[in-house]
Amino acid sequence: MGRDVEIGRLGGLIDAARQGQGGALVLRGEPGIGKTSLLSHAAETAGDFLVLRASGAEFETELPFAVLHQLCAPVLGDVTALPAPHRKALEIAFGLDTGTPDPFLVGVATLGLLVEAERPLLCLVDDAQWLDHASARALAFLARRVAAERVALVLAVREPHRVPEFEELPSLALKGLGETDARALLTAAIRAPLDERVRDRILAEARGNPLALLELPRSAGLAGMAGGFALPSSAASVIEQSFRTRLELLSPQARLLLTVAAADPVGDPGLLWRAAELLGIEPSAATEAAALVEFGTRIRFSHPLARSAAYRAASSADRQRAHEALAAVTDPVADPDRRAWHLAEASTGPDEMVAAELERSAARAQARGGVAAAAAFLERSAALTLSPGLRTERVLAAVQAKLSVGAYDVAAELLTSAETAALDQRQRARVDLLRGKLSFVRRRGGEGPTTHLLRAAARLADLDPAWSRACYLDAMETGMLIGGLGPVAEAARQAPPAPQPPSSADTLLDGLLTLVTDGHLAASPVLRPIVGNVGDEVWARWPSMGFMLAVELWDHDALHGIATRVVAAGRESGSFHLLPVGLAMLATAAVHAGDFGAATEMISEEEAIAAATGAAPLVYPRIHLAAMRGRREEATELFDNVLAASQRMSLSVQWATAVLNNGLADYRAALEAARQAVAHGDLGLSGLALPELVEAAVRCGETELAASALRTLSERTQAGQHAWGLGVEAYSRALVTEDEDAYREAVERLDGSRMAIHRARAHLLYGESLRRRGRRREARERLRTAHELLSDLGAQAFADRAAGELRATGEHARSRSSQASDQLTLQELHIARLVADGTTSKEVAAKLFLSPRTVDAHLRNIFRKLGLTSRKQLRDLPDIR
């Protein structure tokens with residue numbers, strides 16, 4: 001009643017899904033506002049759809065993939081049609097097999113399972129605010145990936161709860177009914193004549209909440225309302241109070257049966273009746289309770305608030321008895337985690353047996369990808385632990401798990417509780433380390449992350465020198481990432497001496513301290529071998545540091561190797577955090593080698609992960625690609641958008657702006673940007689900005705600035721002794737000195753490297769120098785080589801600059817024909833390249849976390865843009881391959 005707009009929105013969603021244009025909708029609203037009724041209406045009106053239903057439960061948020069399993073149960077028979085890795089991922093997630101599920105594959109496998117259905121699907125999830133974290137993440141993935149499927153997903157979330165995974169999905173906020181509809185509903189519900197003042201009182205108190213309109217007269221009684229009955233202040237409390245009033249009319253056995261039903265959100269009647277029998281509850285109690293709960297093939301309460309009321313209205317003793325009985329009848333082999341949770345809820349005080357069982361449940365949950373569940377088990381385990389030392393260990397483990405899933409506020413609260421306990425020095429160091437991680441991810445006021453990390457390192461200096469030195473390395477890496485490395489290095493000089501023989505981590509720390517104190521040449525004998533050894537285990541723990549040091553030493557092999565290692569580790573672990581970082585690193589390495597196609601693939605995959613998980617994509621590889629491609633409008637728009645979103649990327653944007661404007665021959669703009677990038681003095685990009693500063697300064701007549709930047713650049717490249725750096729330093733030196741031998745050296749060094757774009761720039765600069773000296777014939781040869789290389793690479797700005805120089809020698813450069821790749825988005829180009837290499841739609845779908853139907857839709861768009869009709873034609877396009 002009064003929900004025409006909402007019904008229309010749901011109808012549109014279902015009709016679109018019927019046509020293969022699936023989607024998702026989040027219904028938001030206070031308790032009793034009509035979310036459940038709308039879900040039921042959707043189920044009743046979707047006649048040709050297979051309807052899958054699930055419901056979150058307040059007492060089940062700790063069990064990983066519980067709601068996803070509940071939703072998929074009716075179609076699990078189709079799991080055999082899935083590819084083996086997808087099938088195994090789902091079976092592990094649902095506890096049907098052992099192992100660690102790849103969270104990416106769980107999402108893709110769920111999508112694959114649902115699209116296997118012969119009929120269109122309507123997936124309805126009530127009380128989604130109580131989903132376990134793993135299910136919420138998988139359903140959010142699903143919601144973002146059904147656009148080309150016959151799947152509609154509707155999630156009902158009770159406000160003011162928030163589910164971070166659903167924040168970006170389309171939503172519909174349900175408001176109270178208007179007065180006319182509210183009066184009509186009240187009249188339909190109450191057949192007896194009603195005093196107008198009482199009616200007005202009900203309408204005023206209910207504030208348009210439909211369930212409150214129905215339950216207010218029942219909870220207070222019409223006479224009570226007329227006599228000034230004191231009413232609760234919120235609709236939720238009105239409704240829950242109504243259910244409580246109805247509960248009070250039941251016998252003790254019926255109330256206990258409802259308590260057991262409320263305590264077991266599985267809704268398994270076999271479990272319920274076994275527990276009821278254990279408690280001595282007579283079967284007749286079910287008849288009495290039937291008004292509030294349906295006893296069928298699944299146990300369903302008449303409304304989610306009825307479940308809450310039944311559980312909360314019970315005495316603590318009855319709740320404990322219910323959980324104890326459920327634990328007793330739950331299979332300890334088939335469902336040990338649910339049994340452990342019931343045992344915990346039945347506990348009246350510390351219980352080491354239950355606490356240990358919960359700790360084992362945490363380990364199982366973590367192995368199944370349920371890190372949030374592991375955190376909840378550990379938190380409860382700590383609460384039931386009597387030993388202060390063991391309780392602290394479990395609290396700190398829970399904090400670590402909470403940090404892993406982004407529950408920063410809860411982690412902070414737990415950490416504060418741990419700090420009030422009597423801690424030994426090792427535990428205090430762990431607290432400092434966790435504080436450092438928390439500070440890094442939150443970026444709020446107070447002490448910065450490096451302060452906490454350095455404090456931990458100092459605490460451990462005598463207790464555990466190896467751990468202390470590792471903490472100093474953590475602090476150094478953090479200082480490199482957020483700035484302020486100098487003060488961190490100053491503190492790290494107090495690190496305990498390295499053992500003999502030193503480990504790789506010890507060598508790395510000593511080399512870093514030498515780099516900061518004495519410079520690149522002094523540190524080179526220590527750092528160069530370890531940075532070049534990309535297989536060293538030290539880079540498994542500090543990959544970002546390795547990547548930045550590779551840039552600092554101009555070692556592209558290390559740059560590519562460390563990035564490749566991170567990608568491999570991310571794929572193996574299924575980490576939502578590690579794989580995107582590795583892909584972004586690998587894309588950046590590809591850009592600097594001039595392999596824009598490979599870079600595009602990595603960026604597309606990283607952005608696919610971000611889209612699937614709801615995370616923000618890592619923008620720095622896009623910035624590097626835009627700078628080197630040199631398309632002014634595209635690059636400028638990207639840079640502006642990045643800076644508008646976050647000033648943290650300003651160094652990347654300044655370096656990129658310098659590269660772009662050097663390509664465009666706008667040397668004054670390049671000079672200003674490069675000057676700012678170098679001024680930061682941070683390791684990594686500041687070093688990359690030095691040759692841009694040299695070139696722009698020379699062109700602007702700033703000879704002293706160019707010479708100074710060259711000296712700084714030379715120290716880095718001589719320390720590295722790699723072809724990339726030595727070649728770039730040679731052409732920078734040639735710009736400053738106009739020494740023709742230096743130009744030849746640059747070309748020779750870079751001709752033997754994989755750094756195609758820098759090789760092309762060396763030919764361009766040499767050709768420009770020859771033209772200025774009036775040696776046109778020699779200049780044409782160099783400029784022609786540069787133009788062809790740059791055009792083939794897709795470095796538009798530098799290619800246009802080379803073409804302009806060629807025209808100045810009297811020769812017209814061949815015009816660059818429009819490439820097929822220019823017409824495609826990054827994702828389309830990635831799909832086109834994969835298909836051109838013979839990858840099937842199913843394989844592409846798995847790689848990009850899409851459905852095969854979505855991939856085919858992209859392919860149709862690609863064919864339309866390129867004027868093609870087949871995959872074979874796609875394979876014949878050289879700039880796609």
# chains A, B, ... in the order shown; residues from 1 in each chain; ligands from 1
>>> residues_around(residues="Ser791 (chain A)", least_positions_apart="2", cutoff="12 Å", atoms="only C-alpha atoms", output="PyMOL selection string")
chain A and resi 594+596+628-630+756-757+760-761+783-789+793-803+813-819+879
>>> write_last_selection(atoms="N, CA and C atoms", output="compact mmCIF listing (two decimals), in the first residue's frame")
# COMPACT_ATOMS: atom_id res chain seq x y z
N GLY A 594 58.35 1.07 -22.73
CA GLY A 594 57.68 1.42 -23.97
C GLY A 594 56.68 0.39 -24.43
N PHE A 596 53.39 -0.25 -24.15
CA PHE A 596 52.13 0.32 -23.68
C PHE A 596 51.00 -0.71 -23.71
N MET A 628 53.66 9.25 -20.93
CA MET A 628 54.47 8.76 -22.04
C MET A 628 53.71 8.76 -23.36
N ARG A 629 52.40 8.50 -23.31
CA ARG A 629 51.62 8.53 -24.55
C ARG A 629 51.54 9.95 -25.10
N GLY A 630 51.44 10.91 -24.21
CA GLY A 630 51.52 12.30 -24.64
C GLY A 630 50.31 12.85 -25.35
N ALA A 756 62.76 0.91 -24.94
CA ALA A 756 62.51 1.41 -26.29
C ALA A 756 62.19 2.90 -26.32
N ILE A 757 61.41 3.37 -25.36
CA ILE A 757 61.01 4.78 -25.42
C ILE A 757 62.19 5.70 -25.13
N ALA A 760 64.35 5.77 -28.23
CA ALA A 760 63.79 6.69 -29.22
C ALA A 760 64.08 8.14 -28.85
N ARG A 761 63.99 8.46 -27.56
CA ARG A 761 64.27 9.83 -27.13
C ARG A 761 65.74 10.18 -27.35
N LEU A 783 66.33 11.51 -36.79
CA LEU A 783 64.95 11.93 -36.52
C LEU A 783 63.94 10.96 -37.13
N ARG A 784 64.30 10.40 -38.31
CA ARG A 784 63.42 9.42 -38.92
C ARG A 784 63.31 8.18 -38.03
N THR A 785 64.45 7.74 -37.51
CA THR A 785 64.45 6.58 -36.59
C THR A 785 63.61 6.88 -35.36
N ALA A 786 63.82 8.08 -34.80
CA ALA A 786 63.06 8.46 -33.60
C ALA A 786 61.58 8.49 -33.88
N HIS A 787 61.21 9.10 -35.01
CA HIS A 787 59.78 9.24 -35.33
C HIS A 787 59.13 7.87 -35.53
N GLU A 788 59.80 6.98 -36.23
CA GLU A 788 59.23 5.66 -36.46
C GLU A 788 59.07 4.88 -35.16
N LEU A 789 60.11 4.94 -34.31
CA LEU A 789 60.04 4.25 -33.03
C LEU A 789 58.91 4.81 -32.16
N LEU A 793 55.45 2.99 -30.97
CA LEU A 793 55.20 2.79 -29.54
C LEU A 793 53.87 3.43 -29.11
N GLY A 794 53.47 4.48 -29.81
CA GLY A 794 52.26 5.21 -29.41
C GLY A 794 52.56 6.40 -28.53
N ALA A 795 53.83 6.87 -28.55
CA ALA A 795 54.22 8.05 -27.78
C ALA A 795 53.95 9.29 -28.63
N GLN A 796 52.71 9.74 -28.62
CA GLN A 796 52.24 10.72 -29.59
C GLN A 796 52.96 12.06 -29.50
N ALA A 797 53.14 12.59 -28.30
CA ALA A 797 53.75 13.93 -28.17
C ALA A 797 55.18 13.93 -28.68
N PHE A 798 55.97 12.96 -28.25
CA PHE A 798 57.36 12.91 -28.72
C PHE A 798 57.43 12.59 -30.21
N ALA A 799 56.49 11.76 -30.71
CA ALA A 799 56.46 11.47 -32.15
C ALA A 799 56.15 12.74 -32.94
N ASP A 800 55.21 13.54 -32.46
CA ASP A 800 54.88 14.79 -33.15
C ASP A 800 56.06 15.76 -33.11
N ARG A 801 56.77 15.74 -31.99
CA ARG A 801 57.95 16.61 -31.88
C ARG A 801 59.01 16.18 -32.90
N ALA A 802 59.20 14.86 -33.05
CA ALA A 802 60.16 14.36 -34.04
C ALA A 802 59.72 14.72 -35.46
N ALA A 803 58.39 14.64 -35.69
CA ALA A 803 57.88 14.99 -37.03
C ALA A 803 58.14 16.46 -37.33
N ALA A 813 57.59 13.75 -42.37
CA ALA A 813 57.46 12.44 -41.73
C ALA A 813 56.22 11.73 -42.25
N ARG A 814 56.34 10.40 -42.32
CA ARG A 814 55.14 9.65 -42.72
C ARG A 814 54.06 9.88 -41.68
N SER A 815 52.85 10.12 -42.17
CA SER A 815 51.76 10.38 -41.23
C SER A 815 51.38 9.07 -40.54
N ARG A 816 51.12 9.19 -39.30
CA ARG A 816 50.76 8.00 -38.50
C ARG A 816 49.30 7.67 -38.76
N SER A 817 49.06 6.46 -39.29
CA SER A 817 47.68 6.06 -39.54
C SER A 817 46.98 5.80 -38.21
N SER A 818 45.69 6.04 -38.21
CA SER A 818 44.91 5.81 -36.99
C SER A 818 44.97 4.33 -36.63
N GLN A 819 45.35 4.04 -35.40
CA GLN A 819 45.45 2.66 -34.96
C GLN A 819 44.15 2.20 -34.33
N ASP A 879 48.44 -3.87 -34.52
CA ASP A 879 48.56 -3.00 -33.34
C ASP A 879 47.72 -3.49 -32.17
>>> residues_around(residues="region 70-73 of chain A", least_positions_apart="4", cutoff="6 Å", atoms="only C-alpha atoms", output="list in words")
Leu52, Arg53 and Ala54 of chain A
>>> atom_distance(atom1="CA of Arg364 (chain A)", atom2="CA of Gly95 (chain A)")
9.9 Å
>>> atom_distance(atom1="CA of Glu634 (chain A)", atom2="CA of Arg668 (chain A)")
20.4 Å
>>> atom_distance(atom1="CA of His41 (chain A)", atom2="CA of Ala148 (chain A)")
24.3 Å
>>> select_by_dssp(residues="region 284-409 of chain A", states="strand (DSSP E or B)", output="list of chain:residue names")
A:Val293, A:Glu294, A:Phe295, A:Ile299, A:Arg300, A:Phe301
>>> residues_around(residues="Leu172 (chain A)", least_positions_apart="6", cutoff="8 Å", atoms="only C-alpha atoms", output="list in words")
Glu6, Leu25, Val26, Leu27 and Arg28 of chain A
>>> closest_residue(among="A:His624, A:Thr636, A:His520, A:Tyr667", to="Ser652 (chain A)", atoms="only C-alpha atoms")
A:His624
